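Q: See data-v9.txt below, with compact mmCIF, C-alpha atoms (C1' of nucleotides).
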# COMPACT_ATOMS: atom_id res chain seq x y z
CA MET A 1 65.75 89.73 88.37
CA VAL A 2 67.30 86.47 89.42
CA LEU A 3 70.27 85.56 87.24
CA SER A 4 73.67 87.08 86.49
CA ARG A 5 74.60 87.68 82.88
CA THR A 6 77.18 84.95 83.24
CA SER A 7 74.51 82.45 84.22
CA GLN A 8 72.26 83.55 81.40
CA TYR A 9 75.04 83.09 78.86
CA ALA A 10 75.90 79.71 80.33
CA VAL A 11 72.35 78.43 80.16
CA GLN A 12 71.77 79.78 76.70
CA ALA A 13 74.99 78.24 75.44
CA LEU A 14 74.30 74.86 76.98
CA ILE A 15 70.83 74.73 75.53
CA TYR A 16 72.19 75.71 72.16
CA ILE A 17 74.85 73.03 72.28
CA ALA A 18 72.18 70.54 73.29
CA THR A 19 70.24 71.37 70.15
CA GLN A 20 73.20 70.42 67.98
CA PRO A 21 73.99 66.85 66.86
CA ALA A 22 75.66 64.99 69.73
CA GLY A 23 79.31 64.24 69.18
CA GLU A 24 79.84 67.08 66.73
CA PRO A 25 81.72 69.80 68.57
CA VAL A 26 80.29 73.29 68.36
CA LEU A 27 82.61 76.25 68.01
CA ASN A 28 82.66 78.92 70.66
CA ARG A 29 82.64 81.45 67.86
CA ASP A 30 79.44 80.00 66.43
CA ILE A 31 77.71 79.88 69.78
CA ALA A 32 78.65 83.47 70.49
CA GLU A 33 77.39 84.60 67.13
CA ARG A 34 74.19 82.66 67.42
CA LEU A 35 73.48 84.00 70.89
CA ASN A 36 74.80 87.45 70.11
CA VAL A 37 77.13 87.36 73.07
CA PRO A 38 80.79 88.44 73.44
CA ALA A 39 82.88 85.51 72.24
CA ALA A 40 85.89 85.99 74.50
CA TYR A 41 83.71 86.23 77.55
CA LEU A 42 81.66 83.23 76.56
CA ALA A 43 84.89 81.29 76.12
CA LYS A 44 85.69 81.79 79.80
CA ILE A 45 82.26 80.61 80.81
CA LEU A 46 82.47 77.52 78.64
CA GLN A 47 85.93 76.82 79.98
CA ASN A 48 84.48 76.77 83.45
CA LEU A 49 81.65 74.50 82.39
CA CYS A 50 84.27 72.11 81.06
CA LYS A 51 86.30 72.02 84.23
CA HIS A 52 83.47 71.49 86.64
CA GLY A 53 80.41 70.90 84.57
CA PRO A 54 78.67 69.01 81.82
CA LEU A 55 80.76 70.24 78.93
CA ASP A 56 83.66 68.66 77.12
CA SER A 57 86.04 70.48 74.83
CA PHE A 58 88.26 69.56 71.91
CA ARG A 59 91.08 71.59 70.45
CA GLY A 60 92.33 71.98 66.96
CA ARG A 61 90.44 71.41 63.76
CA LEU A 62 87.10 69.78 64.28
CA GLY A 63 87.40 71.05 67.81
CA GLY A 64 84.77 72.83 69.84
CA PHE A 65 82.44 72.06 72.71
CA CYS A 66 80.17 69.09 73.28
CA LEU A 67 77.98 67.91 76.09
CA ARG A 68 79.64 65.03 77.86
CA GLU A 69 78.18 61.59 77.57
CA GLY A 70 74.95 61.38 79.58
CA MET A 71 74.94 65.08 80.37
CA HIS A 72 71.89 65.96 78.31
CA ARG A 73 69.83 65.51 81.43
CA THR A 74 71.81 68.09 83.35
CA THR A 75 69.36 70.30 85.18
CA LEU A 76 69.40 74.06 85.29
CA MET A 77 69.95 73.77 89.01
CA GLN A 78 73.19 71.94 88.41
CA VAL A 79 74.29 74.59 85.97
CA LEU A 80 73.39 77.48 88.24
CA LEU A 81 75.14 75.96 91.21
CA LEU A 82 78.26 76.23 89.08
CA THR A 83 77.72 79.69 87.71
CA GLU A 84 76.12 81.38 90.74
CA GLY A 85 78.03 79.47 93.36
CA PRO A 86 77.08 76.83 95.91
CA ASP A 87 75.10 79.23 98.10
CA PHE A 88 72.73 79.92 95.27
CA THR A 89 69.85 78.10 96.93
CA LYS A 90 70.54 79.37 100.40
CA SER A 91 70.42 83.11 100.01
CA CYS A 92 67.98 85.26 101.96
CA ILE A 93 65.93 87.66 99.87
CA LEU A 94 66.84 90.53 102.21
CA GLY A 95 70.49 89.55 102.16
CA LEU A 96 70.84 88.28 105.71
CA LYS A 97 73.69 85.87 106.30
CA GLU A 98 71.55 83.78 108.57
CA CYS A 99 67.92 83.34 107.61
CA SER A 100 66.18 80.08 108.32
CA ASP A 101 62.93 78.99 109.92
CA ALA A 102 64.64 79.52 113.26
CA THR A 103 66.25 82.88 112.52
CA ALA A 104 63.95 84.43 109.96
CA CYS A 105 63.83 87.80 108.26
CA PRO A 106 60.34 89.29 108.09
CA MET A 107 59.88 88.06 104.54
CA HIS A 108 61.11 84.56 105.17
CA PHE A 109 57.85 82.68 105.59
CA LYS A 110 56.22 84.30 102.61
CA TRP A 111 59.28 83.94 100.46
CA ALA A 112 60.21 80.38 101.38
CA PRO A 113 57.38 78.62 99.51
CA VAL A 114 57.92 80.72 96.40
CA LYS A 115 61.62 80.04 96.50
CA LYS A 116 60.80 76.36 96.87
CA LYS A 117 58.82 76.54 93.64
CA ILE A 118 61.74 78.15 91.88
CA LEU A 119 64.11 75.45 93.05
CA VAL A 120 61.73 72.68 92.05
CA MET A 121 61.38 74.23 88.64
CA LEU A 122 65.12 74.51 88.19
CA ASN A 123 65.54 70.92 89.25
CA GLU A 124 62.93 69.78 86.80
CA MET A 125 64.21 71.54 83.73
CA ASN A 126 67.04 69.85 81.90
CA LEU A 127 69.04 70.71 78.83
CA GLU A 128 67.55 68.02 76.64
CA GLU A 129 63.99 69.18 77.21
CA LEU A 130 64.86 72.80 76.71
CA ALA A 131 66.76 71.98 73.56
CA LYS A 132 63.80 70.08 72.18
CA ALA A 133 61.58 73.04 72.92
CA VAL A 134 63.93 75.26 70.96
CA GLN A 135 63.99 72.79 68.10
CA THR A 136 60.24 73.07 67.64
CA GLY A 137 60.97 76.61 66.50
CA LYS A 138 58.46 78.08 68.91
CA TYR A 139 61.05 79.44 71.30
CA ARG A 140 64.03 81.65 70.86
CA LEU A 141 67.34 81.50 72.65
CA ALA A 142 68.50 85.00 71.84
CA ASP A 143 67.26 88.39 70.78
CA LEU A 144 66.59 88.57 67.05
CA PRO A 145 69.47 86.32 66.01
CA ALA A 146 69.90 87.73 62.48
CA SER A 147 71.85 84.63 61.46
CA ALA A 148 70.89 81.14 60.40
CA MET A 149 68.57 78.76 62.19
CA SER A 150 69.84 75.29 62.97
CA ALA A 151 68.55 72.14 61.32
CA MET B 152 69.35 85.54 94.12
CA VAL B 153 66.87 88.18 93.19
CA LEU B 154 67.64 91.57 94.75
CA SER B 155 70.46 94.08 94.51
CA ARG B 156 72.12 95.21 97.71
CA THR B 157 70.59 98.61 97.15
CA SER B 158 67.10 97.12 97.13
CA GLN B 159 67.84 95.05 100.20
CA TYR B 160 69.02 98.11 102.10
CA ALA B 161 66.01 100.10 100.94
CA VAL B 162 63.52 97.48 102.06
CA GLN B 163 65.25 96.91 105.37
CA ALA B 164 65.38 100.63 106.07
CA LEU B 165 61.74 101.21 105.18
CA ILE B 166 60.61 98.36 107.36
CA TYR B 167 62.71 99.68 110.20
CA ILE B 168 61.31 103.18 109.84
CA ALA B 169 57.83 101.68 109.77
CA THR B 170 58.48 100.05 113.13
CA GLN B 171 59.23 103.44 114.68
CA PRO B 172 56.58 105.81 116.05
CA ALA B 173 54.93 107.67 113.15
CA GLY B 174 55.78 111.34 112.97
CA GLU B 175 59.04 111.01 114.85
CA PRO B 176 61.83 111.27 112.31
CA VAL B 177 64.44 108.53 112.39
CA LEU B 178 68.08 109.41 111.83
CA ASN B 179 69.94 107.94 108.91
CA ARG B 180 72.78 107.27 111.31
CA ASP B 181 70.54 105.23 113.58
CA ILE B 182 69.06 103.22 110.74
CA ALA B 183 72.50 102.46 109.37
CA GLU B 184 73.74 101.37 112.75
CA ARG B 185 70.70 99.27 113.43
CA LEU B 186 70.91 97.54 110.06
CA ASN B 187 74.69 97.39 110.09
CA VAL B 188 74.87 99.06 106.70
CA PRO B 189 77.18 101.83 105.40
CA ALA B 190 75.60 105.12 106.46
CA ALA B 191 76.72 107.27 103.53
CA TYR B 192 75.45 104.77 101.05
CA LEU B 193 72.18 104.34 102.86
CA ALA B 194 71.78 108.11 102.82
CA LYS B 195 71.76 108.05 99.02
CA ILE B 196 69.18 105.35 98.95
CA LEU B 197 66.93 107.15 101.39
CA GLN B 198 67.36 110.33 99.40
CA ASN B 199 66.03 108.54 96.38
CA LEU B 200 63.12 107.12 98.35
CA CYS B 201 62.28 110.68 99.35
CA LYS B 202 62.31 112.04 95.84
CA HIS B 203 60.25 109.36 94.22
CA GLY B 204 58.98 107.21 97.00
CA PRO B 205 57.17 106.85 100.27
CA LEU B 206 59.69 108.65 102.46
CA ASP B 207 59.77 112.18 103.75
CA SER B 208 62.80 113.90 105.19
CA PHE B 209 63.43 116.72 107.64
CA ARG B 210 66.65 118.61 108.19
CA GLY B 211 68.24 120.08 111.25
CA ARG B 212 67.72 119.09 114.83
CA LEU B 213 64.83 116.73 115.27
CA GLY B 214 65.28 115.94 111.63
CA GLY B 215 65.45 112.55 110.00
CA PHE B 216 63.28 110.33 107.86
CA CYS B 217 59.60 109.45 108.19
CA LEU B 218 57.13 107.56 106.11
CA ARG B 219 54.82 110.00 104.40
CA GLU B 220 51.22 110.19 105.45
CA GLY B 221 49.37 107.09 104.27
CA MET B 222 52.51 105.38 103.04
CA HIS B 223 52.56 102.61 105.59
CA ARG B 224 50.70 100.47 103.11
CA THR B 225 53.37 100.87 100.47
CA THR B 226 54.02 97.47 98.96
CA LEU B 227 57.39 95.90 98.35
CA MET B 228 56.54 95.95 94.68
CA GLN B 229 56.26 99.73 94.78
CA VAL B 230 59.60 99.96 96.53
CA LEU B 231 61.36 97.60 94.16
CA LEU B 232 60.03 99.36 91.09
CA LEU B 233 61.95 102.36 92.40
CA THR B 234 65.15 100.62 93.39
CA GLU B 235 65.37 98.05 90.61
CA GLY B 236 63.84 100.16 87.89
CA PRO B 237 60.54 100.07 86.02
CA ASP B 238 61.45 96.96 84.03
CA PHE B 239 61.75 94.96 87.20
CA THR B 240 58.62 92.94 86.49
CA LYS B 241 59.25 92.51 82.81
CA SER B 242 62.64 90.91 82.74
CA CYS B 243 63.17 87.52 81.09
CA ILE B 244 64.99 84.96 83.21
CA LEU B 245 67.37 84.27 80.33
CA GLY B 246 67.93 87.96 79.76
CA LEU B 247 66.13 88.35 76.43
CA LYS B 248 64.94 91.84 75.63
CA GLU B 249 61.74 90.51 74.19
CA CYS B 250 60.17 87.55 75.96
CA SER B 251 56.42 87.26 76.12
CA ASP B 252 53.84 84.59 75.41
CA ALA B 253 54.22 85.46 71.74
CA THR B 254 58.01 85.58 71.62
CA ALA B 255 59.09 83.23 74.36
CA CYS B 256 62.42 81.93 75.52
CA PRO B 257 62.47 78.17 76.20
CA MET B 258 61.96 78.74 79.92
CA HIS B 259 59.16 81.24 79.55
CA PHE B 260 56.14 79.03 80.12
CA LYS B 261 57.63 77.30 83.11
CA TRP B 262 58.95 80.48 84.58
CA ALA B 263 55.93 82.68 84.01
CA PRO B 264 53.68 81.14 86.70
CA VAL B 265 56.48 81.18 89.25
CA LYS B 266 57.27 84.77 88.45
CA LYS B 267 53.59 85.54 88.80
CA LYS B 268 53.70 84.16 92.32
CA ILE B 269 56.66 86.35 93.15
CA LEU B 270 54.90 89.44 91.86
CA VAL B 271 51.71 88.62 93.74
CA MET B 272 53.72 88.15 96.89
CA LEU B 273 55.52 91.45 96.44
CA ASN B 274 52.23 93.18 95.82
CA GLU B 275 50.70 91.69 98.93
CA MET B 276 53.46 92.54 101.36
CA ASN B 277 53.41 96.06 102.72
CA LEU B 278 55.61 97.96 105.11
CA GLU B 279 53.09 98.08 107.92
CA GLU B 280 52.64 94.32 108.00
CA LEU B 281 56.32 93.65 107.81
CA ALA B 282 56.99 96.18 110.54
CA LYS B 283 54.44 94.51 112.78
CA ALA B 284 56.08 91.18 112.17
CA VAL B 285 59.39 92.63 113.24
CA GLN B 286 57.81 94.16 116.32
CA THR B 287 56.72 90.74 117.55
CA GLY B 288 60.42 90.07 118.02
CA LYS B 289 60.24 86.85 116.06
CA TYR B 290 61.97 88.24 113.01
CA ARG B 291 65.21 90.04 112.48
CA LEU B 292 65.96 92.81 110.04
CA ALA B 293 69.71 92.50 110.09
CA ASP B 294 72.50 90.12 110.95
CA LEU B 295 73.21 90.01 114.66
CA PRO B 296 72.50 93.69 115.34
CA ALA B 297 74.74 94.05 118.42
CA SER B 298 73.00 97.27 119.37
CA ALA B 299 69.74 98.09 121.11
CA MET B 300 66.32 96.79 120.21
CA SER B 301 63.54 99.29 119.65
CA ALA B 302 60.64 99.73 122.03
C1' DA C 303 72.52 136.00 115.32
C1' DT C 304 75.09 131.78 116.24
C1' DA C 305 76.13 127.21 116.74
C1' DA C 306 74.83 122.59 116.31
C1' DT C 307 72.63 119.15 113.80
C1' DT C 308 70.82 116.71 109.85
C1' DC C 309 69.73 115.94 105.11
C1' DA C 310 71.12 117.21 99.93
C1' DG C 311 74.15 116.70 96.38
C1' DG C 312 78.15 116.16 93.81
C1' DA C 313 82.74 114.35 93.27
C1' DC C 314 85.47 110.64 94.14
C1' DA C 315 87.21 105.72 95.30
C1' DA C 316 86.94 100.79 95.72
C1' DA C 317 85.12 96.43 94.52
C1' DA C 318 82.78 93.38 91.61
C1' DA C 319 81.10 91.97 87.20
C1' DA C 320 81.54 91.92 82.40
C1' DA C 321 84.33 92.08 78.50
C1' DT C 322 88.84 92.19 75.83
C1' DC C 323 93.54 90.97 74.48
C1' DT C 324 97.53 88.25 73.95
C1' DC C 325 100.02 84.38 74.05
C1' DT C 326 100.33 79.36 74.76
C1' DT C 327 98.99 74.56 74.10
C1' DA C 328 96.89 70.85 71.73
C1' DG C 329 95.02 68.44 67.78
C1' DG C 330 94.03 67.54 62.92
C1' DA C 331 95.10 68.09 57.91
C1' DG C 332 98.06 68.47 54.20
C1' DC D 333 106.90 67.73 59.93
C1' DT D 334 104.61 71.90 59.36
C1' DC D 335 100.77 74.74 59.23
C1' DC D 336 96.36 75.95 60.57
C1' DT D 337 92.74 75.99 63.75
C1' DA D 338 90.51 76.06 68.19
C1' DA D 339 90.53 75.94 73.12
C1' DG D 340 93.38 77.18 77.59
C1' DA D 341 95.08 80.59 80.49
C1' DG D 342 96.55 84.82 82.36
C1' DA D 343 96.75 89.72 82.34
C1' DT D 344 94.33 93.72 81.49
C1' DT D 345 90.51 96.97 80.58
C1' DT D 346 85.88 98.69 80.92
C1' DT D 347 81.54 99.15 83.09
C1' DT D 348 78.49 98.82 86.89
C1' DT D 349 77.65 98.63 91.56
C1' DT D 350 78.74 99.74 95.98
C1' DG D 351 80.74 102.73 99.16
C1' DT D 352 83.20 107.26 100.86
C1' DC D 353 84.04 112.15 101.45
C1' DC D 354 83.28 116.84 101.51
C1' DT D 355 80.72 121.01 101.14
C1' DG D 356 76.32 123.42 101.19
C1' DA D 357 71.50 124.24 102.66
C1' DA D 358 67.87 123.93 105.95
C1' DT D 359 66.19 123.73 110.59
C1' DT D 360 66.16 124.28 115.51
C1' DA D 361 67.86 125.40 120.16
C1' DT D 362 70.43 128.66 122.62
Now, as a test, write the supplied structure out as structure tokens.

A:
Amino acid sequence: MVLSRTSQYAVQALIYIATQPAGEPVLNRDIAERLNVPAAYLAKILQNLCKHGPLDSFRGRLGGFCLREGMHRTTLMQVLLLTEGPDFTKSCILGLKECSDATACPMHFKWAPVKKKILVMLNEMNLEELAKAVQTGKYRLADLPASAMSA
Amino acid sequence: MVLSRTSQYAVQALIYIATQPAGEPVLNRDIAERLNVPAAYLAKILQNLCKHGPLDSFRGRLGGFCLREGMHRTTLMQVLLLTEGPDFTKSCILGLKECSDATACPMHFKWAPVKKKILVMLNEMNLEELAKAVQTGKYRLADLPASAMSA
DNA sequence: ATAATTCAGGACAAAAAAATCTCTTAGGAG
DNA sequence: CTCCTAAGAGATTTTTTTGTCCTGAATTAT
């Protein structure tokens, strides 16, 4: 329901990075291990988030990925527009190309307000908040991590 | 966002069948044409809806697909549990296997009420209602059908 | 009976999504 | 300067989803 694996990995990774000390790059390898996600695949996703999104990358020793300056407030909506594509918010639940108040599918008027709620929620949630939630220890970013918890 | 193509086709087809006179089987070919959907693929989906769902099928001349007796009130939730699988309602937005109030992902408590609304909506919408909406002519089931409208 | 029609069912093919591999490029440390 | 490390980038593979094809079984009209 709702998100592609790619988007899920992206969001998880960004939240994880946001939990780490700003300015200290996080290794792809460590993120992948922590989230229990394929490292090579995650690398592609992070690459993309660097090109068009809130991430910055550094090569070589002490390299890794960081949130760019001021990007802690990046919303999930902004992330998902990158990972799911720009039509993310527009799609009709029945898959019609054209579905608006004027040309509506039979679910449109029931679905529209619910969809609105989803979009509001995604616009309200940002990485910093989510990271803080994780840092309380009450929430988990991945299934039974098996490895170390962060400070 | 939200539904697989398979589910979209299934819902569209069921609504279309529900708009047709009860007891008069509708041809797969006609549904596919009306919805502008690949016929052979739709056939598989309808087959599945016959085995486990609200549809009934008849072979030979005068054959086709009908809603079973009493199945006009089938909800979208019932349909989607078939097409998306029984875990449809359980899935975590971040993809965690385990995500409940006790073991929550960082989005869980924001997402849960919205998800609830989606599930309520899906439980409230049934084929009969949706079919009636379509019959008013104010809603469309497919993109620019090009072929005939039903009576 | 026979032919025509329609769904059933399995094998197969194409496309998309997810995941892997390999090599290159850049940066830091000795 | 050289080596090591980590991301960049492209090709490739695997898996899943979507879509096609063909043959068989059931039903009905002739």

Q: Could you work out which residues of chain C fall inside 8 Å of chain B? Count all atoms listed in the file, and format the result as a list in words.

A: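 Output check: DT307, DT308, DC309 and DA310 of chain C.
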
Q: If I take atom CA of Thr136 of chain A and atom CA of Gln20 of chain A, how far is one from the other in Å, to one decimal?

A: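 Calculated distance between atom CA of Thr136 of chain A and atom CA of Gln20 of chain A is 13.2 Å.
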
Q: With distances taken over all atoms listed in the file, which of B:Ala263, B:Met258, B:Val230, B:Asn274 is nearest to chain A?

A: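 Residue with the minimum atom-to-atom distance to chain A: B:Met258.
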
Q: B:Val188, B:Leu233, B:Leu292, B:Leu270: which is nearest chain D, counting all atoms listed in the file?

A: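 Smallest distance to chain D is found for B:Val188.
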
Q: Just need chain A moved onto chain B: least-squares over all Cα atoms matched in order, then output as an mmCIF file with C-alpha atoms, keeping the file's coordinate frame.

A:
data_model
loop_
_atom_site.group_PDB
_atom_site.id
_atom_site.type_symbol
_atom_site.label_atom_id
_atom_site.label_comp_id
_atom_site.auth_asym_id
_atom_site.auth_seq_id
_atom_site.Cartn_x
_atom_site.Cartn_y
_atom_site.Cartn_z
ATOM 1 C CA MET A 1 69.307 85.634 94.064
ATOM 2 C CA VAL A 2 66.756 88.240 93.150
ATOM 3 C CA LEU A 3 67.559 91.602 94.717
ATOM 4 C CA SER A 4 70.397 94.115 94.476
ATOM 5 C CA ARG A 5 72.075 95.226 97.671
ATOM 6 C CA THR A 6 70.546 98.631 97.121
ATOM 7 C CA SER A 7 67.061 97.150 97.112
ATOM 8 C CA GLN A 8 67.788 95.088 100.185
ATOM 9 C CA TYR A 9 68.998 98.143 102.080
ATOM 10 C CA ALA A 10 65.982 100.120 100.931
ATOM 11 C CA VAL A 11 63.499 97.507 102.062
ATOM 12 C CA GLN A 12 65.234 96.928 105.346
ATOM 13 C CA ALA A 13 65.369 100.644 106.055
ATOM 14 C CA LEU A 14 61.739 101.223 105.184
ATOM 15 C CA ILE A 15 60.595 98.385 107.375
ATOM 16 C CA TYR A 16 62.728 99.685 110.191
ATOM 17 C CA ILE A 17 61.327 103.177 109.848
ATOM 18 C CA ALA A 18 57.844 101.687 109.809
ATOM 19 C CA THR A 19 58.517 100.063 113.158
ATOM 20 C CA GLN A 20 59.278 103.431 114.723
ATOM 21 C CA PRO A 21 56.624 105.806 116.116
ATOM 22 C CA ALA A 22 54.981 107.662 113.228
ATOM 23 C CA GLY A 23 55.838 111.326 113.048
ATOM 24 C CA GLU A 24 59.119 110.964 114.906
ATOM 25 C CA PRO A 25 61.886 111.231 112.340
ATOM 26 C CA VAL A 26 64.509 108.513 112.384
ATOM 27 C CA LEU A 27 68.135 109.394 111.801
ATOM 28 C CA ASN A 28 69.975 107.925 108.867
ATOM 29 C CA ARG A 29 72.841 107.253 111.228
ATOM 30 C CA ASP A 30 70.614 105.210 113.520
ATOM 31 C CA ILE A 31 69.114 103.220 110.688
ATOM 32 C CA ALA A 32 72.543 102.445 109.303
ATOM 33 C CA GLU A 33 73.795 101.335 112.672
ATOM 34 C CA ARG A 34 70.757 99.246 113.371
ATOM 35 C CA LEU A 35 70.934 97.536 109.996
ATOM 36 C CA ASN A 36 74.706 97.379 109.984
ATOM 37 C CA VAL A 37 74.886 99.067 106.620
ATOM 38 C CA PRO A 38 77.188 101.834 105.299
ATOM 39 C CA ALA A 39 75.628 105.115 106.392
ATOM 40 C CA ALA A 40 76.733 107.274 103.474
ATOM 41 C CA TYR A 41 75.447 104.773 100.983
ATOM 42 C CA LEU A 42 72.179 104.347 102.806
ATOM 43 C CA ALA A 43 71.782 108.120 102.776
ATOM 44 C CA LYS A 44 71.744 108.084 98.977
ATOM 45 C CA ILE A 45 69.142 105.363 98.928
ATOM 46 C CA LEU A 46 66.922 107.171 101.398
ATOM 47 C CA GLN A 47 67.341 110.366 99.429
ATOM 48 C CA ASN A 48 65.986 108.579 96.410
ATOM 49 C CA LEU A 49 63.087 107.157 98.374
ATOM 50 C CA CYS A 50 62.243 110.704 99.400
ATOM 51 C CA LYS A 51 62.262 112.093 95.900
ATOM 52 C CA HIS A 52 60.172 109.429 94.277
ATOM 53 C CA GLY A 53 58.908 107.243 97.038
ATOM 54 C CA PRO A 54 57.136 106.886 100.338
ATOM 55 C CA LEU A 55 59.671 108.663 102.494
ATOM 56 C CA ASP A 56 59.766 112.190 103.810
ATOM 57 C CA SER A 57 62.812 113.891 105.242
ATOM 58 C CA PHE A 58 63.476 116.695 107.691
ATOM 59 C CA ARG A 59 66.701 118.578 108.195
ATOM 60 C CA GLY A 60 68.288 120.046 111.231
ATOM 61 C CA ARG A 61 67.739 119.065 114.819
ATOM 62 C CA LEU A 62 64.874 116.686 115.284
ATOM 63 C CA GLY A 63 65.366 115.900 111.637
ATOM 64 C CA GLY A 64 65.507 112.498 110.020
ATOM 65 C CA PHE A 65 63.296 110.315 107.874
ATOM 66 C CA CYS A 66 59.633 109.450 108.236
ATOM 67 C CA LEU A 67 57.121 107.574 106.173
ATOM 68 C CA ARG A 68 54.798 110.012 104.488
ATOM 69 C CA GLU A 69 51.212 110.197 105.563
ATOM 70 C CA GLY A 70 49.341 107.099 104.372
ATOM 71 C CA MET A 71 52.484 105.415 103.106
ATOM 72 C CA HIS A 72 52.540 102.618 105.654
ATOM 73 C CA ARG A 73 50.666 100.505 103.163
ATOM 74 C CA THR A 74 53.330 100.908 100.516
ATOM 75 C CA THR A 75 53.969 97.516 98.993
ATOM 76 C CA LEU A 76 57.332 95.952 98.365
ATOM 77 C CA MET A 77 56.481 96.020 94.691
ATOM 78 C CA GLN A 78 56.221 99.778 94.798
ATOM 79 C CA VAL A 79 59.550 100.006 96.546
ATOM 80 C CA LEU A 80 61.303 97.650 94.161
ATOM 81 C CA LEU A 81 59.974 99.419 91.112
ATOM 82 C CA LEU A 82 61.882 102.411 92.435
ATOM 83 C CA THR A 83 65.072 100.672 93.405
ATOM 84 C CA GLU A 84 65.314 98.083 90.606
ATOM 85 C CA GLY A 85 63.773 100.212 87.913
ATOM 86 C CA PRO A 86 60.488 100.098 86.024
ATOM 87 C CA ASP A 87 61.402 96.993 84.023
ATOM 88 C CA PHE A 88 61.716 94.998 87.189
ATOM 89 C CA THR A 89 58.613 92.942 86.477
ATOM 90 C CA LYS A 90 59.268 92.515 82.800
ATOM 91 C CA SER A 91 62.660 90.890 82.692
ATOM 92 C CA CYS A 92 63.224 87.514 81.060
ATOM 93 C CA ILE A 93 65.035 84.976 83.206
ATOM 94 C CA LEU A 94 67.454 84.238 80.353
ATOM 95 C CA GLY A 95 67.997 87.925 79.722
ATOM 96 C CA LEU A 96 66.226 88.251 76.391
ATOM 97 C CA LYS A 97 65.039 91.730 75.515
ATOM 98 C CA GLU A 98 61.847 90.361 74.087
ATOM 99 C CA CYS A 99 60.258 87.438 75.882
ATOM 100 C CA SER A 100 56.509 87.149 76.030
ATOM 101 C CA ASP A 101 53.930 84.464 75.359
ATOM 102 C CA ALA A 102 54.344 85.280 71.682
ATOM 103 C CA THR A 103 58.139 85.415 71.578
ATOM 104 C CA ALA A 104 59.193 83.080 74.350
ATOM 105 C CA CYS A 105 62.536 81.804 75.557
ATOM 106 C CA PRO A 106 62.560 78.078 76.295
ATOM 107 C CA MET A 107 62.047 78.706 79.992
ATOM 108 C CA HIS A 108 59.248 81.188 79.588
ATOM 109 C CA PHE A 109 56.212 79.000 80.166
ATOM 110 C CA LYS A 110 57.679 77.297 83.185
ATOM 111 C CA TRP A 111 59.003 80.504 84.627
ATOM 112 C CA ALA A 112 55.971 82.700 84.018
ATOM 113 C CA PRO A 113 53.704 81.183 86.695
ATOM 114 C CA VAL A 114 56.468 81.239 89.289
ATOM 115 C CA LYS A 115 57.266 84.823 88.461
ATOM 116 C CA LYS A 116 53.569 85.584 88.789
ATOM 117 C CA LYS A 117 53.664 84.211 92.324
ATOM 118 C CA ILE A 118 56.616 86.405 93.152
ATOM 119 C CA LEU A 119 54.858 89.491 91.863
ATOM 120 C CA VAL A 120 51.671 88.675 93.737
ATOM 121 C CA MET A 121 53.662 88.210 96.895
ATOM 122 C CA LEU A 122 55.456 91.506 96.458
ATOM 123 C CA ASN A 123 52.170 93.237 95.831
ATOM 124 C CA GLU A 124 50.669 91.742 98.934
ATOM 125 C CA MET A 125 53.405 92.598 101.371
ATOM 126 C CA ASN A 126 53.378 96.111 102.738
ATOM 127 C CA LEU A 127 55.586 97.991 105.138
ATOM 128 C CA GLU A 128 53.071 98.112 107.951
ATOM 129 C CA GLU A 129 52.613 94.353 108.036
ATOM 130 C CA LEU A 130 56.303 93.681 107.830
ATOM 131 C CA ALA A 131 56.983 96.190 110.559
ATOM 132 C CA LYS A 132 54.434 94.544 112.810
ATOM 133 C CA ALA A 133 56.070 91.201 112.186
ATOM 134 C CA VAL A 134 59.392 92.658 113.251
ATOM 135 C CA GLN A 135 57.819 94.172 116.336
ATOM 136 C CA THR A 136 56.721 90.766 117.577
ATOM 137 C CA GLY A 137 60.423 90.096 118.031
ATOM 138 C CA LYS A 138 60.251 86.876 116.064
ATOM 139 C CA TYR A 139 61.954 88.270 112.994
ATOM 140 C CA ARG A 140 65.182 90.072 112.452
ATOM 141 C CA LEU A 141 65.940 92.834 110.007
ATOM 142 C CA ALA A 142 69.701 92.518 110.053
ATOM 143 C CA ASP A 143 72.491 90.136 110.889
ATOM 144 C CA LEU A 144 73.200 90.009 114.614
ATOM 145 C CA PRO A 145 72.520 93.687 115.283
ATOM 146 C CA ALA A 146 74.713 93.997 118.402
ATOM 147 C CA SER A 147 72.907 97.198 119.376
ATOM 148 C CA ALA A 148 69.636 97.964 121.090
ATOM 149 C CA MET A 149 66.219 96.627 120.204
ATOM 150 C CA SER A 150 63.430 99.110 119.642
ATOM 151 C CA ALA A 151 60.463 99.524 121.953
#

Q: Which is closest to chain A among B:Gly288, B:Lys202, B:Asn187, B:Leu245, if we use only C-alpha atoms?

A: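 For chain A, the nearest of the given residues is B:Leu245.
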
Q: Quick one: distance from atom CA of Ala161 of chain B to atom CA of Pro176 of chain B in Å, one decimal?

A: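 Pair atom CA of Ala161 of chain B / atom CA of Pro176 of chain B returns 16.5 Å.
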
Q: Using all atoms of segment 264-275 of chain B that appear in the file, construct an axis-aligned enclosing box with 5 Å of padding on every side and provide its centre coordinates and edge lengths in Å, rounded to one decimal, as JSON.

A:
{"center_x": 54.0, "center_y": 87.2, "center_z": 92.8, "size_x": 16.6, "size_y": 22.0, "size_z": 22.2}

Q: Report the distance between atom CA of Ala169 of chain B and atom CA of Leu278 of chain B in Å, rounded to one decimal place.

A: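 Separating atom CA of Ala169 of chain B from atom CA of Leu278 of chain B is a distance of 6.4 Å.
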
Q: Compare B:Gly221, B:Pro205, B:Pro189, B:Pro264 by their minimum atom-to-atom distance to Thr157 of chain B, counting all atoms listed in the file, and give me the closest one.

A: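 Among the listed residues, B:Pro189 lies closest to Thr157 of chain B.
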
Q: Could you please tell me, as a list in words, which residues of chain D have an atom within 6 Å of chain B when using all atoms listed in the file?

A: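 The complete set of qualifying residues is DG351, DA358, DT359 and DT360 of chain D.
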